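Structure file structure_29.txt (compact mmCIF, C-alpha atoms) follows.
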# COMPACT_ATOMS: atom_id res chain seq x y z
CA MET A 17 80.30 63.77 88.15
CA VAL A 18 79.85 62.94 84.46
CA HIS A 19 83.48 63.84 83.79
CA ILE A 20 84.62 61.68 86.67
CA GLU A 21 82.54 58.76 85.38
CA ARG A 22 84.16 59.16 81.97
CA TYR A 23 87.67 59.27 83.44
CA LEU A 24 86.95 56.27 85.66
CA LYS A 25 85.76 54.21 82.68
CA ASP A 26 88.93 55.20 80.85
CA SER A 27 91.01 54.21 83.87
CA ILE A 28 89.23 50.84 84.07
CA GLU A 29 90.12 50.18 80.42
CA ASN A 30 93.76 51.23 80.75
CA GLU A 31 94.56 50.06 84.28
CA LYS A 32 92.96 46.64 84.41
CA GLU A 33 95.05 45.49 87.40
CA LEU A 34 93.63 48.20 89.71
CA THR A 35 90.40 47.85 91.68
CA TRP A 36 89.80 51.35 93.07
CA ASN A 37 88.46 52.70 89.77
CA ARG A 38 85.70 50.05 89.55
CA GLN A 39 84.78 50.60 93.19
CA MET A 40 84.62 54.39 92.76
CA LEU A 41 82.53 54.14 89.60
CA ALA A 42 80.02 51.89 91.40
CA LEU A 43 79.92 54.30 94.35
CA ILE A 44 79.37 57.35 92.15
CA LEU A 45 76.55 55.67 90.26
CA GLU A 46 74.98 54.66 93.58
CA MET A 47 75.31 58.22 94.96
CA ILE A 48 73.72 59.75 91.86
CA HIS A 49 70.84 57.25 92.03
CA ALA A 50 70.35 57.98 95.76
CA ASN A 51 70.40 61.72 95.03
CA ASN A 52 67.85 61.40 92.23
CA THR A 53 65.47 59.37 94.41
CA ALA A 54 65.97 61.47 97.57
CA PRO A 55 63.07 63.56 98.90
CA ALA A 56 62.98 67.30 98.18
CA GLU A 57 64.52 68.21 101.55
CA GLY A 58 67.59 66.13 100.75
CA MET A 59 69.29 62.94 101.82
CA ALA A 60 69.55 61.74 105.41
CA GLU A 61 72.74 62.84 107.18
CA GLU A 62 73.78 59.27 108.08
CA LYS A 63 73.51 58.22 104.43
CA ILE A 64 75.72 61.14 103.38
CA THR A 65 78.25 60.22 106.06
CA SER A 66 78.22 56.62 104.82
CA PHE A 67 78.92 57.75 101.25
CA GLU A 68 81.76 60.03 102.42
CA THR A 69 83.34 57.21 104.44
CA ARG A 70 83.21 54.84 101.47
CA TYR A 71 84.63 57.58 99.21
CA ASP A 72 87.56 58.09 101.61
CA SER A 73 88.13 54.33 101.80
CA ILE A 74 88.28 54.02 98.02
CA VAL A 75 90.67 56.98 97.73
CA GLN A 76 92.87 55.25 100.34
CA THR A 77 92.73 52.06 98.24
CA ALA A 78 93.82 54.06 95.19
CA GLU A 79 96.76 55.49 97.12
CA GLU A 80 97.87 52.01 98.19
CA GLU A 81 97.46 50.58 94.69
CA TYR A 82 99.48 53.38 93.09
CA GLU A 83 102.21 52.97 95.72
CA SER A 84 102.54 49.27 94.88
CA THR A 85 101.98 49.75 91.13
CA PRO A 86 103.16 53.24 90.09
CA PRO A 87 101.47 54.78 87.05
CA SER A 88 103.23 54.33 83.76
CA ASP A 89 104.64 57.17 81.71
CA TYR A 90 102.25 56.11 78.95
CA TYR A 91 99.04 56.48 80.99
CA ARG A 92 98.78 58.80 83.99
CA ASN A 93 95.14 59.88 83.73
CA GLY A 94 93.93 57.41 86.36
CA TYR A 95 96.59 58.54 88.80
CA ASN A 96 95.82 62.20 88.15
CA LEU A 97 92.12 61.47 88.68
CA TYR A 98 92.89 59.84 92.02
CA LEU A 99 94.84 62.94 93.09
CA ARG A 100 91.99 65.26 92.05
CA MET A 101 89.45 63.10 93.86
CA ALA A 102 91.53 63.27 97.05
CA VAL A 103 91.96 67.05 96.89
CA TYR A 104 88.48 68.05 95.67
CA LYS A 105 86.37 65.65 97.73
CA HIS A 106 84.14 68.44 99.04
CA ASN A 107 83.40 69.70 95.52
CA HIS A 108 82.67 66.22 94.19
CA LEU A 109 80.28 65.34 97.02
CA LEU A 110 78.56 68.71 97.44
CA PHE A 111 75.49 67.49 95.56
CA LEU A 112 74.79 65.04 98.41
CA SER A 113 74.34 67.68 101.09
CA ASN A 114 72.99 70.56 99.00
CA PRO A 115 69.83 69.77 96.99
CA LEU A 116 70.40 72.86 94.83
CA VAL A 117 73.61 71.38 93.40
CA GLU A 118 73.13 68.97 90.53
CA PRO A 119 75.32 65.86 90.39
CA ASP A 120 76.39 66.82 86.89
CA ASN A 121 77.03 70.06 85.06
CA ASN A 122 75.29 69.15 81.83
CA LEU A 123 73.45 72.48 81.63
CA CYS A 124 76.72 74.43 81.83
CA GLU A 125 78.33 72.16 79.28
CA ARG A 126 75.43 72.58 76.87
CA LYS A 127 75.64 76.35 77.17
CA VAL A 128 79.40 76.55 76.66
CA ARG A 129 79.26 74.04 73.78
CA ILE A 130 77.57 76.76 71.69
CA LEU A 131 80.55 79.04 72.15
CA LYS A 132 83.08 76.24 71.57
CA GLY A 133 81.35 75.28 68.33
CA LYS A 134 81.31 78.83 67.04
CA ILE A 135 84.95 79.45 67.91
CA ASN A 136 85.97 76.24 66.13
CA GLN A 137 84.01 77.26 63.04
CA THR A 138 84.42 80.73 61.62
CA ILE A 139 83.92 83.19 64.41
CA SER A 140 86.73 85.60 65.05
CA LEU A 141 86.69 87.44 68.35
CA ARG A 142 89.27 90.17 68.09
CA SER A 143 89.24 91.08 71.75
CA PHE A 144 87.93 89.99 75.12
CA GLU A 145 85.32 92.75 74.81
CA HIS A 146 83.88 91.06 71.68
CA LEU A 147 83.73 87.77 73.57
CA VAL A 148 81.75 89.52 76.32
CA TYR A 149 79.32 90.94 73.73
CA PHE A 150 78.90 87.52 72.14
CA CYS A 151 78.23 85.87 75.51
CA GLU A 152 75.75 88.60 76.46
CA CYS A 153 73.89 88.00 73.19
CA LEU A 154 73.81 84.26 73.89
CA SER A 155 72.49 85.01 77.35
CA VAL A 156 69.69 87.21 75.99
CA LEU A 157 68.74 84.58 73.41
CA ASP A 158 68.74 81.88 76.06
CA HIS A 159 66.55 84.03 78.31
CA LEU A 160 64.12 84.69 75.48
CA ALA A 161 64.04 80.99 74.59
CA THR A 162 63.24 79.94 78.15
CA ASN A 163 60.45 82.53 78.42
CA ASP A 164 58.81 81.79 75.07
CA LYS A 165 60.21 78.71 73.33
CA ASN A 166 57.62 78.81 70.55
CA ASN A 167 58.35 82.35 69.45
CA LEU A 168 62.07 83.06 69.73
CA TYR A 169 62.25 84.68 66.29
CA GLN A 170 59.36 87.01 67.11
CA SER A 171 60.94 87.97 70.46
CA VAL A 172 64.24 88.90 68.81
CA LYS A 173 62.40 90.81 66.08
CA GLU A 174 60.55 92.87 68.70
CA ILE A 175 63.82 93.83 70.37
CA PHE A 176 65.15 95.25 67.10
CA LYS A 177 61.87 97.13 66.48
CA ARG A 178 62.12 99.01 69.78
CA PRO A 179 62.84 102.73 69.45
CA GLN A 180 66.52 103.45 69.90
CA PRO A 181 67.75 106.44 71.89
CA GLU A 182 69.34 109.05 69.71
CA LEU A 183 73.09 109.07 69.97
CA VAL A 184 75.11 112.25 69.79
CA ARG A 185 78.54 112.26 68.23
CA GLU A 186 81.14 114.21 70.11
CA LYS A 187 84.58 114.84 68.63
CA SER A 188 87.46 114.05 70.90
CA LYS A 189 89.82 116.97 71.16
CA ASN A 190 92.96 114.88 71.38
CA SER A 191 92.48 112.16 68.80
CA GLY A 192 90.04 113.64 66.34
CA SER A 193 87.89 110.52 66.54
CA SER A 194 84.24 110.69 67.42
CA ASN A 195 82.67 108.98 70.43
CA MET A 196 79.05 108.06 70.90
CA ILE A 197 77.33 109.40 73.99
CA LEU A 198 73.73 109.37 75.09
CA PRO A 199 71.98 112.76 75.38
CA LYS A 200 71.38 114.07 78.89
This entry written out as C-alpha cells:
Amino acid sequence: MVHIERYLKDSIENEKELTWNRQMLALILEMIHANNTAPAEGMAEEKITSFETRYDSIVQTAEEEYESTPPSDYYRNGYNLYLRMAVYKHNHLLFLSNPLVEPDNNLCERKVRILKGKINQTISLRSFEHLVYFCECLSVLDHLATNDKNNLYQSVKEIFKRPQPELVREKSKNSGSSNMILPK
C-alpha cells in the first residue's frame, strides 16, 4: 500500500481537478489505521465489507472522472494507477481479511534494496547462477543476523572454521576439465 500511497500523492499533485485520488488516499490511510488497531483475530467482517464497498465506489468515481477528463499524454500515471486498482482489488485489500498479510511490503523492499545497491555499485554477476549464490549468501547472513544480532561477525567466522569435506577431482573424459565431486 505504500507504493499506492506514493502514486496517489503524485496523482493529487498532477491531476488537481480530479477527486478520486484524494478520496482513495484517505480511504487507504483509514484502512491501514483500522488494520493496525484491529485485534489479533482480525477485523470484523462488516467493517471489511464497508471498506470494499467504499473502494469500489471510489474506483467507479475514477472511471467517471477519466471518461469526462481523459488523461493527458504528459501524465498518465494516475490513470494507470486507477486501472491497476480496479484489476488488483483483491491483492490490494488482502491485508484486511488476512492478519498475516502486512499492509505494506517494507520488509521485502528493505531486503531487495541490498541487492539493488550492490548491482548499481560495482558488483558484476556474470550469470543467473552467480545471482542465486549472492542471494543465498544474503539469506544466510540475514538468518544469522536475526538469530544473533550482536555477534554476526562471530557467526560468519564460525561457519568458515567448520571442517570442510574433502573434494575429489575427477577428470572428464570428453573435455579434459576436472570436476569436483564429494567422496562416497
Exercise for the section: Rank nothing, just name the residue among A:Lys132, A:Arg178, A:His19, A:Arg142 nearest to A:Leu97, using only C-alpha atoms. Expected result: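 Nearest to A:Leu97: A:His19.
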Neighbour list for A:Glu61 as a PDB file with C-alpha atoms, in the coordinates of the input, cut-off 12 Å, only C-alpha atoms, skip fewer than 6 positions in-chain:
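Output saved as part-v9.pdb:
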ATOM      1  CA  ALA A  54      65.970  61.470  97.570  1.00  0.00           C
ATOM      2  CA  PHE A  67      78.920  57.750 101.250  1.00  0.00           C
ATOM      3  CA  GLU A  68      81.760  60.030 102.420  1.00  0.00           C
ATOM      4  CA  LEU A 112      74.790  65.040  98.410  1.00  0.00           C
ATOM      5  CA  SER A 113      74.340  67.680 101.090  1.00  0.00           C
ATOM      6  CA  ASN A 114      72.990  70.560  99.000  1.00  0.00           C
TER       7      ASN A 114
END
Problem - Of the listed residues A:Glu57, A:Glu182, A:Glu21, A:Glu46, that which approaches A:Leu116 most closely, counting only C-alpha atoms - result: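 So, comparing all the options, the nearest one is A:Glu57.
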Practice task
One decimal, Å: what's the distance from atom CA of A:Val172 over to atom CA of A:Leu154, could you say?
Solution key: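 Interatomic distance, atom CA of A:Val172 to atom CA of A:Leu154: 11.8 Å.
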Handout entry: Atomic separation - atom CA of A:Glu118 relative to atom CA of A:Asn93, Å
Key = 24.8 Å
Problem - Nearest candidate to A:Val75 (options A:Met17, A:Leu43, A:Met101, A:Leu157; using all atoms listed in the file) - result: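 Ranked by minimum distance to A:Val75, first place goes to A:Met101.
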Problem - Between atom CA of A:Asn37 and atom CA of A:Ser73 - distance in Å to one decimal - result: 12.1 Å
Practice task
Go through A:Phe176, A:Tyr91, A:Tyr82, A:Tyr104 one by one, measure the shortest atom-to-atom distance of each to A:Glu29 using all atoms listed in the file, and give the residue with the smallest value.
Solution key: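 Closest candidate: A:Tyr91.
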List the spatial neighbours of A:Asn51 as a compact mmCIF listing (two decimals) with C-alpha atoms, in the frame of the given file - criterion: any atom at most 8 Å away, all atoms listed in the file, same-chain residues fewer than 5 positions off excluded.
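What landed in around_3.txt:
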# COMPACT_ATOMS: atom_id res chain seq x y z
CA GLY A 58 67.59 66.13 100.75
CA MET A 59 69.29 62.94 101.82
CA PHE A 111 75.49 67.49 95.56
CA LEU A 112 74.79 65.04 98.41
CA PRO A 119 75.32 65.86 90.39
Limit the output to N, CA, C and O atoms and give stretch 22-52 of chain A as a compact mmCIF listing (two decimals), in the first residue's frame.
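Writing done, so here's result_30.txt:
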# COMPACT_ATOMS: atom_id res chain seq x y z
N ARG A 22 2.10 6.54 -2.48
CA ARG A 22 3.04 7.41 -3.20
C ARG A 22 2.47 7.83 -4.55
O ARG A 22 2.52 8.99 -4.93
N TYR A 23 1.91 6.87 -5.29
CA TYR A 23 1.32 7.18 -6.59
C TYR A 23 0.10 8.08 -6.45
O TYR A 23 -0.14 8.96 -7.29
N LEU A 24 -0.70 7.87 -5.41
CA LEU A 24 -1.87 8.73 -5.20
C LEU A 24 -1.45 10.16 -4.91
O LEU A 24 -2.05 11.11 -5.42
N LYS A 25 -0.43 10.34 -4.07
CA LYS A 25 0.06 11.69 -3.78
C LYS A 25 0.57 12.36 -5.05
O LYS A 25 0.33 13.55 -5.28
N ASP A 26 1.24 11.59 -5.89
CA ASP A 26 1.72 12.12 -7.17
C ASP A 26 0.54 12.50 -8.06
O ASP A 26 0.55 13.55 -8.70
N SER A 27 -0.48 11.67 -8.08
CA SER A 27 -1.67 11.96 -8.87
C SER A 27 -2.38 13.21 -8.36
O SER A 27 -2.87 14.02 -9.15
N ILE A 28 -2.44 13.38 -7.05
CA ILE A 28 -3.07 14.57 -6.47
C ILE A 28 -2.34 15.83 -6.92
O ILE A 28 -2.96 16.84 -7.26
N GLU A 29 -1.01 15.76 -6.95
CA GLU A 29 -0.22 16.92 -7.39
C GLU A 29 -0.42 17.23 -8.87
O GLU A 29 -0.48 18.39 -9.26
N ASN A 30 -0.50 16.20 -9.69
CA ASN A 30 -0.53 16.39 -11.14
C ASN A 30 -1.92 16.45 -11.74
O ASN A 30 -2.07 16.88 -12.88
N GLU A 31 -2.91 15.97 -11.03
CA GLU A 31 -4.29 15.97 -11.53
C GLU A 31 -5.19 16.66 -10.50
O GLU A 31 -6.03 16.03 -9.88
N LYS A 32 -4.98 17.92 -10.34
CA LYS A 32 -5.67 18.69 -9.30
C LYS A 32 -7.19 18.74 -9.49
O LYS A 32 -7.93 18.91 -8.53
N GLU A 33 -7.66 18.57 -10.72
CA GLU A 33 -9.11 18.68 -10.98
C GLU A 33 -9.87 17.42 -10.59
O GLU A 33 -11.09 17.43 -10.53
N LEU A 34 -9.16 16.31 -10.33
CA LEU A 34 -9.82 15.04 -10.00
C LEU A 34 -10.00 14.90 -8.49
O LEU A 34 -9.21 15.41 -7.70
N THR A 35 -11.04 14.16 -8.10
CA THR A 35 -11.32 13.98 -6.67
C THR A 35 -11.07 12.55 -6.20
O THR A 35 -10.88 12.33 -5.01
N TRP A 36 -11.07 11.59 -7.10
CA TRP A 36 -10.97 10.19 -6.69
C TRP A 36 -9.67 9.90 -5.95
O TRP A 36 -9.65 9.12 -5.01
N ASN A 37 -8.57 10.55 -6.40
CA ASN A 37 -7.27 10.26 -5.80
C ASN A 37 -7.21 10.70 -4.33
O ASN A 37 -6.66 10.00 -3.49
N ARG A 38 -7.81 11.83 -3.98
CA ARG A 38 -7.86 12.28 -2.59
C ARG A 38 -8.72 11.34 -1.75
O ARG A 38 -8.38 11.01 -0.62
N GLN A 39 -9.86 10.94 -2.33
CA GLN A 39 -10.76 10.03 -1.62
C GLN A 39 -10.08 8.68 -1.36
O GLN A 39 -10.18 8.13 -0.26
N MET A 40 -9.38 8.17 -2.36
CA MET A 40 -8.72 6.86 -2.21
C MET A 40 -7.57 6.94 -1.21
O MET A 40 -7.39 6.02 -0.40
N LEU A 41 -6.81 8.03 -1.23
CA LEU A 41 -5.73 8.18 -0.26
C LEU A 41 -6.29 8.20 1.16
O LEU A 41 -5.75 7.53 2.05
N ALA A 42 -7.37 8.94 1.38
CA ALA A 42 -7.99 8.98 2.71
C ALA A 42 -8.49 7.59 3.12
O ALA A 42 -8.30 7.17 4.28
N LEU A 43 -9.09 6.87 2.19
CA LEU A 43 -9.58 5.52 2.50
C LEU A 43 -8.43 4.58 2.84
O LEU A 43 -8.51 3.82 3.81
N ILE A 44 -7.36 4.63 2.08
CA ILE A 44 -6.22 3.74 2.34
C ILE A 44 -5.61 4.02 3.70
O ILE A 44 -5.31 3.09 4.46
N LEU A 45 -5.44 5.29 4.02
CA LEU A 45 -4.89 5.63 5.33
C LEU A 45 -5.82 5.15 6.46
O LEU A 45 -5.36 4.65 7.49
N GLU A 46 -7.11 5.28 6.24
CA GLU A 46 -8.09 4.80 7.23
C GLU A 46 -8.03 3.27 7.37
O GLU A 46 -8.08 2.74 8.48
N MET A 47 -7.90 2.56 6.24
CA MET A 47 -7.83 1.10 6.29
C MET A 47 -6.57 0.64 7.01
O MET A 47 -6.62 -0.31 7.81
N ILE A 48 -5.45 1.28 6.74
CA ILE A 48 -4.21 0.90 7.40
C ILE A 48 -4.31 1.15 8.90
O ILE A 48 -3.90 0.31 9.71
N HIS A 49 -4.89 2.29 9.28
CA HIS A 49 -5.06 2.59 10.71
C HIS A 49 -5.98 1.55 11.36
O HIS A 49 -5.69 1.05 12.45
N ALA A 50 -7.09 1.21 10.69
CA ALA A 50 -8.01 0.20 11.23
C ALA A 50 -7.32 -1.15 11.35
O ALA A 50 -7.53 -1.88 12.32
N ASN A 51 -6.49 -1.48 10.39
CA ASN A 51 -5.76 -2.76 10.43
C ASN A 51 -4.76 -2.78 11.59
O ASN A 51 -4.63 -3.79 12.28
N ASN A 52 -4.08 -1.67 11.79
CA ASN A 52 -3.07 -1.61 12.86
C ASN A 52 -3.69 -1.65 14.24
O ASN A 52 -3.05 -2.08 15.20
